[in-house]
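Everything on this sheet refers to the single structure shown next.
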Amino acid sequence: MLTTYVLHRYDWSESSLILDVFTREQGRLIVAAKGAKRPYSQLRSVLLPFQRLHIALGRVPKADALNEATAGREVQTLRSADWAGGAAMLTGAALFSGFYLNELLMKLLARHDPHVALFDAYAATLPALASRDELSVQSALRAFEITLLQEIGVLPDLSQVTMTLEALAADTRYALWPEAGVALARPGESGLSGAALIGVQAALLHGSLQAVAHACSTSLPEWRHALRGLLHYHLGGPLLRTRKVMLELQGLSTPGHHATAP
């Protein structure tokens, strides 16, 4: 049995689905859920996003004809899926934030590459998104982004200047660059204080997602700007779909009645 979250689902046929799942034991996998769309299938009420599941898998028979949605991928068949407990379904702005996390995972994680610490961070972040405290939500999002970048090996050591290995000065401003790592902020660039960077690095070494979120909370606008640049570079593409939709909805909402986009 694998501990799993469903990141995305695609129609395969009139009665079946293709799932992109994030498992604790094996990383991201592509799974064929045969018959999951049938009216009386027990899977219909289980294969939902943001719900912790236990699943059992088998190989797709070679005789099965897979369409272009699965061509060239190593697909496994879903044999069973059971709800493994967890928080209530996300709604409203929290729902968009959850899909934002899913989109990051699908675009930045290779398949069949386990990331146990990242899986646990994802599981811990989901309930935090439902908080009514926007500061807590944004801190949780930044902590997850930092953990994700660290897990895929593209986050520099935040306690030193990357090119010189010089220790950071707490009262000096620094920038985070995708190719150069931590560097002195340019004139007119706000950047992040050395204290903010050192605090997050210490929290990462501590291994606590909550500690990382707390360390981010004192400089949220700066972290948001810096992490957006790193993520955009490593995603190698345009604005994430979930963030784009959230920004469009904010533009349509009335003043004072919208949450901040991820």
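Letters A, B, ... mark the chains of the structure tokens in the order given; residue numbers begin at 1 per chain; ligand numbers begin at 1, in order shown.
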Leaving out A:Ala167 and any residue of its chain fewer than 4 positions from it, which residues lie within 12 Å of it when counting only C-alpha atoms, given as an NGL selection string?
:A and (157-163 or 172 or 174 or 182-184 or 194-195 or 197-198)
DSSP on the backbone: which residues in stretch 42-241 of chain A end up as alpha helix (DSSP H)? Give the answer as a ChimeraX atom specification.
/A:92-108,116-128,134-151,194-206,209-216,220-235,241
As JSON, numbers by chain, please: the residues near A:Ser193 (cut-off 10 Å, only C-alpha atoms, same-chain neighbours under 3 positions excluded).
{"A": [168, 169, 170, 171, 172, 173, 174, 175, 184, 185, 190, 196, 197, 198, 199, 219, 222]}
Written file, previous selection with C-alpha atoms, as a PDB file, in the first residue's frame:
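In the end it all went to again-v3.pdb:
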ATOM      1  CA  LEU A 168      26.059  36.978   5.526  1.00  0.00           C
ATOM      2  CA  ALA A 169      25.852  40.172   7.550  1.00  0.00           C
ATOM      3  CA  ALA A 170      22.557  40.435   9.407  1.00  0.00           C
ATOM      4  CA  ASP A 171      21.969  44.098   8.494  1.00  0.00           C
ATOM      5  CA  THR A 172      22.987  43.842   4.805  1.00  0.00           C
ATOM      6  CA  ARG A 173      20.491  43.350   1.960  1.00  0.00           C
ATOM      7  CA  TYR A 174      20.882  40.381  -0.371  1.00  0.00           C
ATOM      8  CA  ALA A 175      19.143  39.043  -3.477  1.00  0.00           C
ATOM      9  CA  LEU A 184      24.485  41.427  -2.618  1.00  0.00           C
ATOM     10  CA  ALA A 185      21.357  43.314  -3.584  1.00  0.00           C
ATOM     11  CA  SER A 190      14.966  45.801  -1.772  1.00  0.00           C
ATOM     12  CA  ALA A 196      15.969  36.935   7.268  1.00  0.00           C
ATOM     13  CA  LEU A 197      18.055  34.567   5.126  1.00  0.00           C
ATOM     14  CA  ILE A 198      20.043  33.242   8.085  1.00  0.00           C
ATOM     15  CA  GLY A 199      16.828  32.652  10.033  1.00  0.00           C
ATOM     16  CA  SER A 219       9.608  39.406   5.732  1.00  0.00           C
ATOM     17  CA  GLU A 222      10.343  40.146   0.271  1.00  0.00           C
TER      18      GLU A 222
END
Please determine, counting only C-alpha atoms, which residue among A:Leu205, A:Leu118, A:Leu176, A:Leu220 has the shortest atom-to-atom distance to A:Leu135.
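Selected residue with least distance to A:Leu135: A:Leu220.
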Length of the atom CA of A:Glu151 to atom CA of A:Val21 vector [Å]
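Those two atoms sit 17.8 Å apart.
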Would you mind listing what lies within 10 Å of A:Ala128 as a list in words, with only C-alpha atoms counted and same-chain residues fewer than 2 positions away left out?
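Counting only C-alpha atoms, the residues come to Ala87, Ala94, Ala123, Ala124, Thr125, Leu126, Ala130, Ser131, Arg132, Asp133, Ser136, Val137, Gln138, Ser139, Ala140 and Leu141 of chain A.
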Output file for the residues above (N, CA and C atoms, as a PDB file, in the first residue's frame):
ATOM      1  N   ALA A  87      -7.927  16.355   6.832  1.00  0.00           N
ATOM      2  CA  ALA A  87      -8.766  17.522   7.055  1.00  0.00           C
ATOM      3  C   ALA A  87      -9.931  17.555   6.077  1.00  0.00           C
ATOM      4  N   ALA A  94      -8.567  28.958  -0.272  1.00  0.00           N
ATOM      5  CA  ALA A  94      -7.719  27.827   0.122  1.00  0.00           C
ATOM      6  C   ALA A  94      -7.682  26.763  -0.967  1.00  0.00           C
ATOM      7  N   ALA A 123       1.567  17.485   3.191  1.00  0.00           N
ATOM      8  CA  ALA A 123       0.479  17.049   4.067  1.00  0.00           C
ATOM      9  C   ALA A 123       0.262  18.039   5.208  1.00  0.00           C
ATOM     10  N   ALA A 124       1.340  18.636   5.716  1.00  0.00           N
ATOM     11  CA  ALA A 124       1.225  19.598   6.814  1.00  0.00           C
ATOM     12  C   ALA A 124       0.738  20.958   6.336  1.00  0.00           C
ATOM     13  N   THR A 125       1.010  21.300   5.072  1.00  0.00           N
ATOM     14  CA  THR A 125       0.631  22.609   4.547  1.00  0.00           C
ATOM     15  C   THR A 125      -0.855  22.687   4.223  1.00  0.00           C
ATOM     16  N   LEU A 126      -1.445  21.596   3.738  1.00  0.00           N
ATOM     17  CA  LEU A 126      -2.850  21.625   3.320  1.00  0.00           C
ATOM     18  C   LEU A 126      -3.789  22.157   4.412  1.00  0.00           C
ATOM     19  N   ALA A 130      -6.333  26.474   5.187  1.00  0.00           N
ATOM     20  CA  ALA A 130      -7.718  26.768   5.571  1.00  0.00           C
ATOM     21  C   ALA A 130      -7.816  27.793   6.694  1.00  0.00           C
ATOM     22  N   SER A 131      -6.686  28.274   7.177  1.00  0.00           N
ATOM     23  CA  SER A 131      -6.690  29.250   8.263  1.00  0.00           C
ATOM     24  C   SER A 131      -7.354  30.555   7.813  1.00  0.00           C
ATOM     25  N   ARG A 132      -8.021  31.223   8.740  1.00  0.00           N
ATOM     26  CA  ARG A 132      -8.617  32.526   8.444  1.00  0.00           C
ATOM     27  C   ARG A 132      -7.601  33.652   8.603  1.00  0.00           C
ATOM     28  N   ASP A 133      -6.443  33.323   9.098  1.00  0.00           N
ATOM     29  CA  ASP A 133      -5.371  34.298   9.272  1.00  0.00           C
ATOM     30  C   ASP A 133      -4.524  34.321   8.004  1.00  0.00           C
ATOM     31  N   SER A 136      -0.797  33.673   8.328  1.00  0.00           N
ATOM     32  CA  SER A 136      -0.452  32.263   8.515  1.00  0.00           C
ATOM     33  C   SER A 136      -0.476  31.505   7.194  1.00  0.00           C
ATOM     34  N   VAL A 137      -1.467  31.806   6.347  1.00  0.00           N
ATOM     35  CA  VAL A 137      -1.584  31.135   5.049  1.00  0.00           C
ATOM     36  C   VAL A 137      -0.378  31.463   4.172  1.00  0.00           C
ATOM     37  N   GLN A 138      -0.053  32.751   4.080  1.00  0.00           N
ATOM     38  CA  GLN A 138       1.063  33.153   3.236  1.00  0.00           C
ATOM     39  C   GLN A 138       2.397  32.620   3.777  1.00  0.00           C
ATOM     40  N   SER A 139       2.551  32.561   5.081  1.00  0.00           N
ATOM     41  CA  SER A 139       3.762  31.990   5.674  1.00  0.00           C
ATOM     42  C   SER A 139       3.880  30.504   5.343  1.00  0.00           C
ATOM     43  N   ALA A 140       2.749  29.795   5.398  1.00  0.00           N
ATOM     44  CA  ALA A 140       2.744  28.373   5.071  1.00  0.00           C
ATOM     45  C   ALA A 140       3.103  28.142   3.608  1.00  0.00           C
ATOM     46  N   LEU A 141       2.584  28.982   2.708  1.00  0.00           N
ATOM     47  CA  LEU A 141       2.908  28.859   1.285  1.00  0.00           C
ATOM     48  C   LEU A 141       4.389  29.100   1.028  1.00  0.00           C
TER      49      LEU A 141
END
When you count only C-alpha atoms, which of these residues is closest to A:Leu43: A:Tyr100, A:Tyr10, A:Trp83, A:Phe144?
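Answer, going by the shortest atom-to-atom distance: A:Trp83.
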Here atom CA of A:Val200 and atom CA of A:Lys107 stand apart by 24.4 Å
Residues within 12 Å of A:His54, please, as a list in words. Count only C-alpha atoms; anything in the same chain fewer than 5 positions from it doesn't count.
Met1, Leu2, Thr3, Thr4, Tyr5, Val6, Val21, Phe22, Thr23, Arg24, Glu25, Val46, Leu47, Leu78, Arg79, Ser80, Ala81, Asp82, Trp83, Ala84, Gly85 and Gly86 of chain A
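You will find atom CA of A:Gln26 at 10.4 Å from atom CA of A:Phe119.
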Selection: 12 Å around A:Gly229, only C-alpha atoms, excl. self and same-chain fewer than 4 positions, as JSON, numbers by chain:
{"A": [145, 149, 175, 176, 177, 178, 179, 181, 191, 222, 223, 224, 225, 233, 234, 235, 236, 237, 238, 239]}
Set the distance at 8 Å and use only C-alpha atoms: which residues neighbour A:Leu19 once local chain neighbours fewer than 6 positions away are removed? I'd like the list as a list in words.
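The filter keeps Val6, Leu7, His8, Arg9, Tyr10, Ile30, Val31, Ala32 and Ala33 of chain A.
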Dump N, CA and C atoms for the selected residues as a compact mmCIF listing (two decimals), in the first residue's frame?
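Once written, part.txt looks like this:
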# COMPACT_ATOMS: atom_id res chain seq x y z
N VAL A 6 -3.95 12.73 -4.59
CA VAL A 6 -4.23 12.93 -6.01
C VAL A 6 -3.92 14.37 -6.37
N LEU A 7 -2.99 14.58 -7.31
CA LEU A 7 -2.65 15.92 -7.75
C LEU A 7 -3.55 16.40 -8.89
N HIS A 8 -3.87 15.49 -9.81
CA HIS A 8 -4.70 15.86 -10.96
C HIS A 8 -5.33 14.60 -11.55
N ARG A 9 -6.44 14.77 -12.24
CA ARG A 9 -7.12 13.64 -12.88
C ARG A 9 -7.53 14.03 -14.28
N TYR A 10 -7.38 13.09 -15.21
CA TYR A 10 -7.71 13.30 -16.62
C TYR A 10 -8.70 12.22 -17.06
N ILE A 30 1.93 7.96 -12.46
CA ILE A 30 0.75 8.03 -13.33
C ILE A 30 -0.02 6.73 -13.14
N VAL A 31 -1.30 6.85 -12.83
CA VAL A 31 -2.11 5.69 -12.45
C VAL A 31 -3.41 5.68 -13.26
N ALA A 32 -3.76 4.50 -13.78
CA ALA A 32 -5.03 4.32 -14.49
C ALA A 32 -6.07 3.79 -13.51
N ALA A 33 -7.14 4.57 -13.34
CA ALA A 33 -8.24 4.17 -12.45
C ALA A 33 -9.41 3.69 -13.30
